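Data from coords.txt: compact mmCIF, C-alpha atoms
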```txt
# COMPACT_ATOMS: atom_id res chain seq x y z
CA MET A 1111 -40.74 112.28 -54.32
CA ASN A 1112 -41.05 115.71 -55.97
CA GLU A 1113 -43.24 116.53 -58.99
CA GLU A 1114 -40.34 116.56 -61.41
CA GLN A 1115 -39.25 113.06 -60.42
CA GLN A 1116 -42.86 111.87 -60.56
CA SER A 1117 -43.33 113.31 -64.07
CA GLU A 1118 -40.07 111.78 -65.24
CA LYS A 1119 -41.13 108.41 -63.89
CA SER A 1120 -44.55 108.70 -65.58
CA SER A 1121 -43.12 109.53 -68.98
CA SER A 1122 -40.66 106.65 -68.76
CA VAL A 1123 -43.55 104.27 -67.95
CA ARG A 1124 -45.39 105.41 -71.05
CA SER A 1125 -42.35 105.27 -73.30
CA GLY A 1126 -41.37 101.85 -71.96
CA VAL A 1127 -44.84 100.38 -72.59
CA MET A 1128 -45.34 101.98 -76.02
CA ASP A 1129 -41.84 101.01 -77.09
CA ALA A 1130 -42.54 97.38 -76.22
CA ILE A 1131 -45.83 97.51 -78.16
CA GLN A 1132 -44.35 99.17 -81.23
CA LYS A 1133 -41.37 96.82 -81.39
CA GLY A 1134 -43.73 93.85 -81.07
CA ARG A 1135 -42.22 92.62 -77.80
CA ILE A 1136 -45.73 92.34 -76.34
CA GLN A 1137 -48.75 91.10 -78.25
CA MET A 1138 -52.44 91.59 -77.64
CA ARG A 1139 -54.13 88.24 -77.02
CA PRO A 1140 -56.95 87.66 -79.55
CA ARG A 1141 -60.58 87.95 -78.50
CA TRP A 1142 -61.27 84.28 -79.22
CA HIS A 1143 -58.70 83.36 -76.54
CA PHE A 1144 -60.87 84.99 -73.86
CA VAL A 1145 -64.11 83.72 -75.37
CA LEU A 1146 -62.66 80.19 -75.30
CA LEU A 1147 -61.51 80.60 -71.68
CA SER A 1148 -64.97 81.85 -70.66
CA ILE A 1149 -66.67 78.94 -72.44
CA LEU A 1150 -64.28 76.43 -70.82
CA ALA A 1151 -64.91 77.97 -67.39
CA LEU A 1152 -68.68 77.79 -67.91
CA VAL A 1153 -68.49 74.18 -69.16
CA GLY A 1154 -66.34 73.34 -66.11
CA VAL A 1155 -68.90 74.92 -63.78
CA LEU A 1156 -71.75 73.08 -65.52
CA ILE A 1157 -70.00 69.69 -65.41
CA LEU A 1158 -69.12 70.16 -61.75
CA PHE A 1159 -72.69 71.22 -60.93
CA LEU A 1160 -74.18 68.18 -62.73
CA THR A 1161 -71.66 65.90 -60.98
CA LEU A 1162 -72.68 67.43 -57.66
CA LEU A 1163 -76.35 66.84 -58.44
CA TYR A 1164 -75.60 63.23 -59.34
CA VAL A 1165 -73.50 62.50 -56.23
CA SER A 1166 -75.94 64.20 -53.86
CA SER A 1167 -78.90 62.36 -55.42
CA LEU A 1168 -76.99 59.06 -55.08
CA ALA A 1169 -76.34 59.80 -51.38
CA LEU A 1170 -80.04 60.56 -50.88
CA PHE A 1171 -80.98 57.39 -52.78
CA PHE A 1172 -78.70 55.26 -50.56
CA LEU A 1173 -80.34 56.78 -47.49
CA ARG A 1174 -83.76 55.96 -48.85
CA ASP A 1175 -82.80 52.51 -50.14
CA SER A 1176 -81.32 51.42 -46.81
CA GLY A 1177 -84.34 52.66 -44.86
CA VAL A 1178 -82.24 55.10 -42.82
CA TRP A 1179 -84.39 57.86 -44.39
CA VAL A 1180 -87.34 57.20 -42.02
CA ALA A 1181 -85.27 56.53 -38.88
CA PRO A 1182 -85.62 60.10 -37.46
CA SER A 1183 -89.36 59.45 -37.02
CA PHE A 1184 -88.38 57.06 -34.18
CA GLY A 1185 -86.84 59.84 -32.08
CA MET A 1186 -83.30 60.19 -30.71
CA ARG A 1187 -82.38 56.55 -31.27
CA GLY A 1188 -83.47 56.98 -34.89
CA TRP A 1189 -81.17 59.99 -35.30
CA TRP A 1190 -78.26 57.94 -34.02
CA THR A 1191 -79.09 55.33 -36.66
CA VAL A 1192 -79.05 58.11 -39.28
CA VAL A 1193 -75.59 59.24 -38.17
CA ARG A 1194 -74.28 55.71 -38.62
CA GLY A 1195 -76.18 55.10 -41.87
CA VAL A 1196 -75.18 58.23 -43.79
CA PRO A 1197 -72.85 57.54 -46.75
CA TRP A 1198 -70.18 59.86 -45.34
CA PHE A 1199 -67.77 59.37 -48.22
CA LEU A 1200 -70.36 60.78 -50.65
CA VAL A 1201 -71.15 63.64 -48.24
CA PHE A 1202 -67.41 64.42 -48.06
CA LEU A 1203 -67.25 64.33 -51.87
CA VAL A 1204 -70.21 66.74 -52.09
CA ALA A 1205 -68.51 69.14 -49.62
CA ILE A 1206 -65.26 69.11 -51.63
CA PHE A 1207 -67.13 69.67 -54.93
CA ILE A 1208 -69.11 72.56 -53.40
CA LEU A 1209 -65.85 74.23 -52.33
CA VAL A 1210 -64.36 73.78 -55.82
CA LEU A 1211 -67.57 75.10 -57.42
CA GLU A 1212 -67.50 78.12 -55.08
CA LEU A 1213 -63.89 78.83 -56.12
CA LEU A 1214 -64.85 78.58 -59.80
CA VAL A 1215 -67.88 80.88 -59.58
CA ARG A 1216 -66.26 83.37 -57.17
CA ARG A 1217 -64.86 85.30 -60.18
CA TYR A 1218 -68.37 86.32 -61.26
CA ALA A 1219 -69.64 89.61 -59.81
CA PHE A 1220 -73.04 88.18 -58.83
CA VAL A 1221 -71.20 85.72 -56.57
CA TYR A 1222 -68.34 87.74 -55.04
CA GLN A 1223 -70.64 90.66 -54.23
CA LYS A 1224 -72.52 88.36 -51.84
CA PRO A 1225 -71.07 87.03 -48.58
CA LEU A 1226 -69.40 83.64 -48.98
CA LEU A 1227 -71.95 82.04 -46.67
CA ALA A 1228 -74.84 83.22 -48.88
CA SER A 1229 -73.36 81.73 -52.04
CA VAL A 1230 -72.41 78.44 -50.34
CA VAL A 1231 -75.90 78.13 -48.83
CA GLY A 1232 -77.38 78.98 -52.26
CA ILE A 1233 -75.36 76.22 -53.92
CA LEU A 1234 -76.26 73.82 -51.10
CA ILE A 1235 -79.99 74.50 -51.51
CA LEU A 1236 -79.77 73.96 -55.30
CA ILE A 1237 -77.86 70.71 -54.79
CA VAL A 1238 -80.19 69.32 -52.11
CA VAL A 1239 -83.40 70.24 -53.98
CA GLY A 1240 -82.00 69.01 -57.32
CA GLY A 1241 -80.52 65.87 -55.73
CA PHE A 1242 -83.83 65.13 -53.99
CA ALA A 1243 -85.70 65.49 -57.30
CA ILE A 1244 -83.29 63.13 -59.09
CA ALA A 1245 -83.43 60.65 -56.19
CA GLN A 1246 -87.21 60.42 -56.77
CA THR A 1247 -86.74 59.25 -60.37
CA PRO A 1248 -86.31 55.50 -61.12
CA MET A 1249 -82.76 56.04 -62.45
CA HIS A 1250 -80.78 55.08 -59.33
CA ARG A 1251 -83.19 52.28 -58.38
CA GLN A 1252 -82.90 50.62 -61.80
CA LEU A 1253 -79.12 50.94 -61.81
CA ALA A 1254 -78.93 49.58 -58.24
CA LEU A 1255 -81.10 46.60 -59.25
CA SER A 1256 -78.88 45.95 -62.27
CA ALA A 1257 -75.82 46.15 -60.00
CA ARG A 1258 -77.42 43.61 -57.65
CA HIS A 1259 -77.77 41.23 -60.62
CA GLY A 1260 -74.20 42.02 -61.75
CA ASP A 1261 -75.39 43.52 -65.03
CA LEU A 1262 -73.45 46.79 -64.90
CA PRO A 1263 -69.96 47.50 -66.28
CA PRO A 1264 -67.22 47.56 -63.57
CA PRO A 1265 -67.09 51.25 -62.59
CA LEU A 1266 -70.89 51.50 -62.19
CA GLN A 1267 -71.02 48.06 -60.57
CA PHE A 1268 -68.77 49.32 -57.75
CA TRP A 1269 -70.50 52.70 -57.66
CA TYR A 1270 -73.93 51.15 -57.08
CA GLY A 1271 -72.65 48.20 -55.05
CA ASP A 1272 -71.50 48.45 -51.45
CA MET A 1273 -68.41 50.55 -52.08
CA PHE A 1274 -69.91 53.98 -51.34
CA ARG A 1275 -72.81 52.90 -49.15
CA ALA A 1276 -72.51 53.21 -45.41
CA PRO A 1277 -72.59 49.78 -43.73
CA GLN A 1278 -76.18 48.96 -42.77
CA PRO A 1279 -76.60 49.85 -39.05
CA ASP A 1280 -76.94 46.65 -36.96
CA GLU A 1281 -80.27 47.60 -35.48
CA LEU A 1282 -81.88 48.57 -38.80
CA TYR A 1283 -83.90 46.07 -40.82
CA ARG A 1284 -85.82 46.51 -44.02
CA GLY A 1285 -88.11 43.97 -45.65
CA VAL A 1286 -91.50 43.03 -47.01
CA ILE A 1287 -94.15 41.58 -44.67
CA ILE A 1288 -94.99 38.01 -45.64
CA SER A 1289 -97.18 37.07 -42.69
CA ILE A 1290 -98.87 38.80 -39.76
CA GLY A 1291 -99.55 37.24 -36.35
CA ASP A 1292 -100.60 38.42 -32.88
CA HIS A 1293 -98.33 41.39 -31.98
CA GLN A 1294 -95.76 40.24 -34.51
CA PHE A 1295 -95.09 39.82 -38.21
CA VAL A 1296 -92.48 38.22 -40.43
CA ILE A 1297 -90.49 40.16 -42.99
CA VAL A 1298 -88.33 38.89 -45.80
CA ASP A 1299 -85.31 40.57 -47.26
CA PRO A 1300 -83.36 39.14 -50.25
CA GLY A 1301 -80.08 39.72 -48.38
CA THR A 1302 -80.82 38.54 -44.83
CA GLY A 1303 -83.73 36.11 -45.33
CA THR A 1304 -86.73 36.05 -42.98
CA THR A 1305 -86.94 37.85 -39.65
CA THR A 1306 -89.69 37.82 -37.06
CA VAL A 1307 -90.55 41.25 -35.69
CA ILE A 1308 -92.16 41.42 -32.24
CA LEU A 1309 -94.27 44.48 -31.43
CA THR A 1310 -94.60 45.65 -27.82
CA PRO A 1311 -96.75 48.41 -26.30
CA ARG A 1312 -93.60 50.59 -26.32
CA THR A 1313 -92.88 50.07 -30.02
CA ARG A 1314 -92.97 53.40 -31.83
CA LEU A 1315 -95.32 53.40 -34.82
CA PRO A 1316 -95.11 56.94 -36.26
CA TYR A 1317 -97.22 56.11 -39.32
CA GLY A 1318 -99.75 53.82 -37.62
CA GLU A 1319 -99.99 50.06 -37.11
CA ASP A 1320 -102.24 49.15 -39.97
CA PHE A 1321 -99.74 46.81 -41.63
CA SER A 1322 -100.69 44.38 -44.39
CA VAL A 1323 -98.96 41.48 -46.15
CA GLY A 1324 -96.83 42.81 -49.01
CA ALA A 1325 -96.11 46.13 -47.30
CA SER A 1326 -92.48 47.28 -47.20
CA VAL A 1327 -91.33 48.26 -43.70
CA VAL A 1328 -88.29 49.64 -41.92
CA VAL A 1329 -87.68 48.34 -38.39
CA ILE A 1330 -85.29 49.45 -35.68
CA GLY A 1331 -84.93 46.92 -32.90
CA ASP A 1332 -82.81 44.57 -30.83
CA VAL A 1333 -82.16 40.90 -31.51
CA VAL A 1334 -83.89 38.80 -28.82
CA ALA A 1335 -83.52 35.35 -30.41
CA THR A 1336 -82.25 33.84 -33.67
CA ASP A 1337 -83.84 35.76 -36.57
CA THR A 1338 -86.15 37.51 -34.10
CA ILE A 1339 -86.09 41.16 -33.13
CA GLN A 1340 -88.04 43.20 -30.65
CA ALA A 1341 -89.10 46.34 -32.47
CA PHE A 1342 -88.22 49.76 -31.06
CA GLY A 1343 -89.91 51.39 -34.04
CA VAL A 1344 -91.64 50.31 -37.25
CA ALA A 1345 -92.56 52.46 -40.24
CA GLU A 1346 -94.10 51.55 -43.56
CA VAL A 1347 -92.19 52.87 -46.57
CA ASP A 1348 -92.67 52.97 -50.34
CA ASN A 1349 -92.06 49.68 -52.03
CA MET B 714 -54.64 113.33 -75.16
CA THR B 715 -58.19 113.06 -76.57
CA SER B 716 -61.37 113.97 -74.69
CA GLU B 717 -62.87 110.58 -75.39
CA THR B 718 -63.89 108.39 -72.48
CA ASP B 719 -61.56 105.60 -71.35
CA GLU B 720 -64.01 103.05 -72.67
CA VAL B 721 -64.05 104.60 -76.17
CA VAL B 722 -60.25 104.68 -76.22
CA ALA B 723 -60.14 101.06 -75.03
CA ARG B 724 -62.53 100.11 -77.84
CA ARG B 725 -60.19 101.76 -80.36
CA VAL B 726 -57.28 99.75 -78.97
CA GLN B 727 -59.38 96.60 -79.24
CA GLY B 728 -60.08 97.55 -82.86
CA GLY B 729 -56.36 97.56 -83.62
CA GLU B 730 -55.28 101.16 -82.89
CA SER B 731 -52.39 100.22 -80.62
CA GLU B 732 -51.14 103.84 -80.39
CA ALA B 733 -54.36 104.80 -78.61
CA PHE B 734 -53.19 102.66 -75.71
CA GLY B 735 -50.68 105.44 -75.00
CA ASP B 736 -53.62 107.69 -74.05
CA LEU B 737 -54.78 105.16 -71.48
CA VAL B 738 -51.25 104.84 -70.08
CA GLU B 739 -51.06 108.63 -69.87
CA ARG B 740 -54.37 108.84 -68.02
CA TYR B 741 -53.62 106.12 -65.47
CA GLN B 742 -49.86 106.05 -64.92
CA GLY B 743 -49.88 108.83 -62.32
CA LYS B 744 -52.75 107.29 -60.40
CA LEU B 745 -51.25 103.81 -60.48
CA LEU B 746 -47.81 105.05 -59.47
CA ARG B 747 -49.38 106.78 -56.48
CA TYR B 748 -51.41 103.64 -55.66
CA ALA B 749 -48.22 101.52 -55.94
CA ARG B 750 -46.15 103.83 -53.74
CA LYS B 751 -48.80 104.01 -51.03
CA PHE B 752 -49.71 100.33 -51.08
CA LEU B 753 -46.30 98.74 -51.57
CA LEU B 754 -44.46 101.31 -49.43
CA ASP B 755 -41.46 100.95 -51.70
CA PRO B 756 -41.04 103.64 -54.35
CA ASP B 757 -38.08 101.87 -55.97
CA ASP B 758 -39.89 99.09 -57.78
CA ALA B 759 -43.19 100.99 -58.25
CA LYS B 760 -42.28 102.08 -61.81
CA ASP B 761 -41.44 98.52 -62.93
CA ILE B 762 -44.61 97.11 -61.41
CA VAL B 763 -46.80 99.83 -62.97
CA GLN B 764 -45.14 99.15 -66.34
CA ASP B 765 -45.99 95.44 -65.90
CA ILE B 766 -49.58 96.42 -65.12
CA PHE B 767 -49.91 98.29 -68.43
CA ILE B 768 -48.25 95.43 -70.32
CA LYS B 769 -50.77 92.98 -68.80
CA ALA B 770 -53.60 95.41 -69.56
CA TYR B 771 -52.52 95.65 -73.19
CA GLN B 772 -52.14 91.87 -73.57
CA ASN B 773 -55.59 91.28 -72.08
CA ILE B 774 -57.46 94.30 -73.42
CA GLN B 775 -59.66 92.08 -75.60
CA SER B 776 -61.14 90.63 -72.40
CA PHE B 777 -62.30 94.10 -71.33
CA ASP B 778 -66.04 94.60 -71.77
CA ALA B 779 -66.27 98.12 -73.19
CA THR B 780 -69.87 98.47 -71.98
CA ARG B 781 -68.45 98.58 -68.43
CA ARG B 782 -66.05 101.04 -66.81
CA PHE B 783 -62.36 100.81 -67.63
CA SER B 784 -61.11 102.13 -64.31
CA PRO B 785 -62.08 99.15 -62.04
CA TRP B 786 -60.79 96.77 -64.73
CA VAL B 787 -57.29 98.27 -64.80
CA TYR B 788 -57.24 98.71 -61.03
CA ARG B 789 -58.09 95.01 -60.66
CA ILE B 790 -55.00 94.14 -62.70
CA ALA B 791 -53.00 96.54 -60.52
CA HIS B 792 -54.35 94.94 -57.34
CA ASN B 793 -53.30 91.47 -58.55
CA GLU B 794 -49.82 92.69 -59.46
CA PHE B 795 -49.37 94.44 -56.12
CA VAL B 796 -50.54 91.39 -54.18
CA ASN B 797 -48.06 89.26 -56.14
CA ALA B 798 -45.31 91.76 -55.35
CA LEU B 799 -46.16 91.64 -51.64
CA LYS B 800 -46.24 87.84 -51.75
CA LYS B 801 -42.75 87.82 -53.22
CA ARG B 802 -41.59 90.10 -50.45
CA LYS B 803 -43.64 88.25 -47.85
CA ALA B 804 -44.46 91.71 -46.57
CA SER B 805 -47.93 90.94 -45.33
CA ARG B 806 -49.49 87.83 -43.91
CA THR B 807 -53.11 88.91 -43.73
CA VAL B 808 -53.68 90.25 -47.25
CA PHE B 809 -53.54 86.76 -48.76
CA ALA B 810 -55.17 84.73 -46.02
CA PHE B 811 -58.81 83.62 -46.03
CA ASP B 812 -60.86 86.58 -44.85
CA ILE B 813 -63.59 85.73 -42.36
CA ASP B 814 -65.21 89.12 -43.13
CA THR B 815 -66.26 87.84 -46.57
CA LEU B 816 -68.08 84.92 -44.96
CA PHE B 817 -71.01 86.64 -43.23
CA PRO B 818 -73.29 89.50 -44.26
CA HIS B 819 -72.60 92.80 -42.45
CA LEU B 820 -74.86 95.74 -41.69
CA PRO B 821 -73.63 99.20 -42.72
CA ALA B 822 -72.10 101.15 -39.81
CA ALA B 823 -74.30 103.90 -38.41
CA GLU B 824 -73.17 107.49 -39.14
CA THR B 825 -72.59 109.58 -36.04
CA ALA B 826 -72.92 113.33 -35.57
CA ASP B 827 -69.18 113.80 -35.33
CA SER B 828 -68.47 111.62 -38.40
CA ALA B 829 -67.54 114.59 -40.58
CA THR B 830 -65.06 115.95 -38.02
CA LEU B 831 -63.53 112.55 -37.50
CA GLU B 832 -63.29 112.13 -41.28
CA ARG B 833 -61.37 115.41 -41.57
CA ASP B 834 -58.96 114.37 -38.80
CA LEU B 835 -58.56 111.01 -40.43
CA ARG B 836 -57.57 112.47 -43.79
CA LYS B 837 -54.93 114.51 -41.99
CA THR B 838 -53.37 111.45 -40.32
CA LEU B 839 -53.78 109.23 -43.40
CA ASP B 840 -50.60 110.27 -45.17
CA GLU B 841 -48.58 110.31 -42.01
CA HIS B 842 -49.49 106.87 -40.64
CA LEU B 843 -50.71 104.86 -43.65
CA GLN B 844 -47.54 102.75 -43.74
CA ARG B 845 -48.30 101.44 -40.25
CA VAL B 846 -51.64 99.94 -41.30
CA ASP B 847 -51.60 96.32 -42.53
CA ALA B 848 -51.88 95.86 -46.33
CA LYS B 849 -55.35 94.26 -46.08
CA TYR B 850 -56.73 97.46 -44.54
CA ARG B 851 -54.33 99.87 -46.20
CA GLU B 852 -55.59 99.08 -49.69
CA PRO B 853 -59.26 100.07 -49.20
CA LEU B 854 -58.05 103.25 -47.43
CA ILE B 855 -55.97 104.19 -50.49
CA LEU B 856 -58.73 103.39 -52.95
CA TYR B 857 -61.39 105.23 -50.97
CA TYR B 858 -59.56 108.32 -49.70
CA LEU B 859 -56.75 108.81 -52.20
CA GLU B 860 -58.22 107.40 -55.42
CA GLY B 861 -61.74 108.64 -54.63
CA MET B 862 -63.50 105.37 -55.40
CA ASP B 863 -66.87 104.35 -54.01
CA TYR B 864 -67.65 101.09 -52.19
CA LYS B 865 -68.96 99.40 -55.33
CA GLU B 866 -65.81 100.15 -57.31
CA ILE B 867 -63.60 98.94 -54.47
CA SER B 868 -65.74 95.81 -54.24
CA GLU B 869 -65.13 95.17 -57.97
CA ILE B 870 -61.38 95.74 -57.67
CA LEU B 871 -60.87 93.58 -54.60
CA GLN B 872 -63.64 91.13 -55.59
CA ILE B 873 -65.18 91.13 -52.14
CA PRO B 874 -68.76 91.93 -51.00
CA ILE B 875 -69.62 95.64 -50.71
CA SER B 876 -70.43 95.12 -47.01
CA THR B 877 -66.91 93.74 -46.47
CA VAL B 878 -65.46 96.91 -48.02
CA GLY B 879 -67.39 98.85 -45.36
CA VAL B 880 -66.09 96.59 -42.58
CA ARG B 881 -62.47 96.88 -43.74
CA LEU B 882 -62.72 100.66 -44.04
CA ALA B 883 -64.28 100.96 -40.59
CA ARG B 884 -61.48 98.84 -39.07
CA ALA B 885 -58.84 100.75 -41.04
CA ARG B 886 -60.20 104.07 -39.75
CA ALA B 887 -60.17 102.74 -36.20
CA MET B 888 -56.56 101.58 -36.63
CA LEU B 889 -55.52 104.96 -38.03
CA ARG B 890 -57.19 106.82 -35.17
CA LYS B 891 -55.50 104.58 -32.62
CA ILE B 892 -52.12 105.06 -34.28
CA GLY B 893 -52.75 108.82 -34.46
CA GLU B 894 -53.65 108.97 -30.76
CA GLN B 895 -50.59 106.92 -29.78
CA SER B 896 -48.26 109.18 -31.76
CA THR B 897 -49.86 112.29 -30.20
CA GLU B 898 -49.31 110.89 -26.71
CA LEU B 899 -45.65 110.33 -27.54
```
Translate this structure into structure tokens?
Amino acid sequence: MNEEQQSEKSSSVRSGVMDAIQKGRIQMRPRWHFVLLSILALVGVLILFLTLLYVSSLALFFLRDSGVWVAPSFGMRGWWTVVRGVPWFLVFLVAIFILVLELLVRRYAFVYQKPLLASVVGILILIVVGGFAIAQTPMHRQLALSARHGDLPPPLQFWYGDMFRAPQPDELYRGVIISIGDHQFVIVDPGTGTTTVILTPRTRLPYGEDFSVGASVVVIGDVVATDTIQAFGVAEVDN
Amino acid sequence: MTSETDEVVARRVQGGESEAFGDLVERYQGKLLRYARKFLLDPDDAKDIVQDIFIKAYQNIQSFDATRRFSPWVYRIAHNEFVNALKKRKASRTVFAFDIDTLFPHLPAAETADSATLERDLRKTLDEHLQRVDAKYREPLILYYLEGMDYKEISEILQIPISTVGVRLARARAMLRKIGEQSTEL
């Protein structure tokens, strides 16, 4: 294209645009429109972030509540128990929410100027640390107890019931010691009743064997008789 | 045309002086037409698309932060319009796909002693073979070599990490060299 054609094209661009402006065919959007959009985007990001914190803390609480939390201290078999005891639906939900959050914040310069991996890892760290902190508060425990007594309204009742929990792994038991004998003790759990736990020289005791009546324990083991298990590992946990 | 900066003119438009927008159109229409012709490889609809870019810029000028530079803002609108135009034509597959280069951090490429010579050769072959480079790599080449933008400005326009701009430019240069060598052999 020669210079004359280029210049002609340029002037027709200008005249076309200015003509449309002057005749009112195109209107400038008001400032409040963009302010409102920015506020809505920020509120969306905030709500999504808080939802993420809540869901991740609930997943961590379920892990802790089921006793799966301490299973890795028993070695490889413990890790396998963890894989089966993780509330995968909640983990999937967290992954989806992180992707949506990443898409929402990608428009901000401080995010898109960093590699995608850095911002996703950053969000992940915030979610895990925040979720862990919330999981330490009594909020989930109290709501879970209320759900157990059927005191919560329907959506929360399902949420804190069994719907989103992973099924308890067969070999995992959690209970409170009610009596201690020679190389064995009896635990009670409101759901499964009493179980006798037999300790052998090969039983893994990562936090020691100084158990006392009233202590809350997590046991991984195999059923050897009715309501009796031979412990592969035993660990005392917070009540 | 006034000697005011783009940002001052944009502020006047934001304040209600619609006629001042003509100055901005005057300043950028040539550059954007060149950008459109080189990127879209189709001079026929370049004028219409550039006109649409200015219409979008006018409609959204209140979202422009006048404390920042006007140029990357208007080029960002242009980039979006061009990508939409390519999508309609289905002219490029890679420009819209997820880019693995934005996923990981990259180290800047080391400068070599013959960089300057290679750069000169590259500029020579740029015009000749640009149309044979895929849109994803063609765009940073245009912005860097023809529009004279730096990595940070290109990063703002394409909304990708600065290190990814470097990676795309390095690959684009390599492609151009290869194309140049092949055409010399023929």
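Residues in contact with Ile1233 (chain A) at 10 Å, where only C-alpha atoms are counted and same-chain residues fewer than 2 positions away are skipped, are listed as Phe1159, Leu1162, Ile1208, Leu1209, Leu1211, Glu1212, Leu1227, Ala1228, Ser1229, Val1230, Val1231, Ile1235, Leu1236, Ile1237 and Val1238 of chain A.
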Note to self: As an exercise, work out the distance from CA of Ser1326 (chain A) to CA of Gly1285 (chain A) in Å and give it to one decimal place.
What the structure shows: 5.7 Å
Note to self: Should the cut-off be 8 Å, what would the residue list for chain A against chain B look like, counting all atoms listed in the file, as a PyMOL selection string?
What the structure shows: chain A and resi 1116+1119-1120+1123-1124+1126-1128+1131+1136-1141+1144+1217+1219+1222-1228
Notebook entry, point to check: What's the 8 Å shell around Ala1181 (chain A), counting all atoms listed in the file, without same-chain residues fewer than 4 positions away, as a ChimeraX atom specification?
Noted result: /A:1177,1185,1188-1189,1191-1192,1330
Next item on the list: Give me, please, the distance in Å between CA of Glu1281 (chain A) and CA of Asp1332 (chain A), quoted to one decimal.
Entry: 6.1 Å
Checklist line | Atom-to-atom span, CA of Arg1251 (chain A) and CA of Phe1184 (chain A), Å | finding: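 Distance reported for this atom pair: 25.2 Å.
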Around (-79.2, 67.3, -61.1) in the file's own coordinates, what residues are found within 6 Å if you use only C-alpha atoms, given back as a short mmCIF file (atom, residue, chain, number, x, y, z; two decimals) with C-alpha atoms, keeping the file's coordinate frame?
```
data_model
loop_
_atom_site.label_atom_id
_atom_site.label_comp_id
_atom_site.auth_asym_id
_atom_site.auth_seq_id
_atom_site.Cartn_x
_atom_site.Cartn_y
_atom_site.Cartn_z
CA LEU A 1160 -74.18 68.18 -62.73
CA LEU A 1163 -76.35 66.84 -58.44
CA TYR A 1164 -75.60 63.23 -59.34
CA GLY A 1240 -82.00 69.01 -57.32
CA GLY A 1241 -80.52 65.87 -55.73
#
```
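Each of B:Ala749, B:Val722, B:Met862, B:Ile892 was compared to Phe795 (chain B) using only C-alpha atoms, and B:Ala749 turns out to be the nearest.
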Margin query: Excluding Gly1154 (chain A) and its own-chain neighbours fewer than 3 positions away, which residues fall within 12 Å of it when counting all atoms listed in the file? Please give them as a ChimeraX atom specification.
Written below: /A:1147-1151,1157-1161,1207,1210-1211,1213-1215
For Ala798 (chain B), list every protein, DNA or RNA residue within 10 Å, evaluated using only C-alpha atoms, and leave out those in the same chain fewer than 4 positions away; present the list as a short mmCIF file (atom, residue, chain, number, x, y, z; two decimals) with C-alpha atoms, in the coordinates of the input.
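New file result-v2.cif:
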```
data_model
loop_
_atom_site.label_atom_id
_atom_site.label_comp_id
_atom_site.auth_asym_id
_atom_site.auth_seq_id
_atom_site.Cartn_x
_atom_site.Cartn_y
_atom_site.Cartn_z
CA LEU B 753 -46.30 98.74 -51.57
CA ASP B 758 -39.89 99.09 -57.78
CA ALA B 759 -43.19 100.99 -58.25
CA ILE B 762 -44.61 97.11 -61.41
CA HIS B 792 -54.35 94.94 -57.34
CA ASN B 793 -53.30 91.47 -58.55
CA GLU B 794 -49.82 92.69 -59.46
CA ARG B 802 -41.59 90.10 -50.45
CA LYS B 803 -43.64 88.25 -47.85
CA ALA B 804 -44.46 91.71 -46.57
#
```
Check: If you count all atoms listed in the file, which residues fall within 8 Å of Phe783 (chain B), apart from same-chain ones fewer than 4 positions away, as a PyMOL selection string?
Finding: chain B and resi 719-720+723+777+779+787
Item checked: Nearest candidate to Gln844 (chain B) (options B:Ile870, B:Val796, B:Val878, B:Met888; using all atoms listed in the file) -> B:Met888
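With distances restricted to only C-alpha atoms, B:Arg740 is the closest residue to Ser716 (chain B) from B:Glu894, B:Val880, B:Arg740, B:Glu730.
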Would you mind completing region 1224-1232 of chain A to N, CA and C atoms and writing the output as a PDB file, in the frame of the given file?
```
ATOM      1  N   LYS A1224     -71.743  88.896 -52.978  1.00  0.00           N
ATOM      2  CA  LYS A1224     -72.520  88.360 -51.840  1.00  0.00           C
ATOM      3  C   LYS A1224     -71.545  87.746 -50.837  1.00  0.00           C
ATOM      4  N   PRO A1225     -71.930  87.708 -49.562  1.00  0.00           N
ATOM      5  CA  PRO A1225     -71.070  87.030 -48.580  1.00  0.00           C
ATOM      6  C   PRO A1225     -70.903  85.554 -48.968  1.00  0.00           C
ATOM      7  N   LEU A1226     -69.733  85.025 -48.639  1.00  0.00           N
ATOM      8  CA  LEU A1226     -69.400  83.640 -48.980  1.00  0.00           C
ATOM      9  C   LEU A1226     -70.471  82.669 -48.478  1.00  0.00           C
ATOM     10  N   LEU A1227     -70.950  82.917 -47.269  1.00  0.00           N
ATOM     11  CA  LEU A1227     -71.950  82.040 -46.670  1.00  0.00           C
ATOM     12  C   LEU A1227     -73.213  81.986 -47.528  1.00  0.00           C
ATOM     13  N   ALA A1228     -73.621  83.153 -48.071  1.00  0.00           N
ATOM     14  CA  ALA A1228     -74.840  83.220 -48.880  1.00  0.00           C
ATOM     15  C   ALA A1228     -74.676  82.381 -50.143  1.00  0.00           C
ATOM     16  N   SER A1229     -73.520  82.488 -50.805  1.00  0.00           N
ATOM     17  CA  SER A1229     -73.360  81.730 -52.040  1.00  0.00           C
ATOM     18  C   SER A1229     -73.224  80.231 -51.768  1.00  0.00           C
ATOM     19  N   VAL A1230     -72.538  79.870 -50.661  1.00  0.00           N
ATOM     20  CA  VAL A1230     -72.410  78.440 -50.340  1.00  0.00           C
ATOM     21  C   VAL A1230     -73.788  77.862 -49.983  1.00  0.00           C
ATOM     22  N   VAL A1231     -74.555  78.611 -49.199  1.00  0.00           N
ATOM     23  CA  VAL A1231     -75.900  78.130 -48.830  1.00  0.00           C
ATOM     24  C   VAL A1231     -76.773  78.032 -50.086  1.00  0.00           C
ATOM     25  N   GLY A1232     -76.635  79.009 -50.996  1.00  0.00           N
ATOM     26  CA  GLY A1232     -77.380  78.980 -52.260  1.00  0.00           C
ATOM     27  C   GLY A1232     -77.067  77.729 -53.057  1.00  0.00           C
TER      28      GLY A1232
END
```
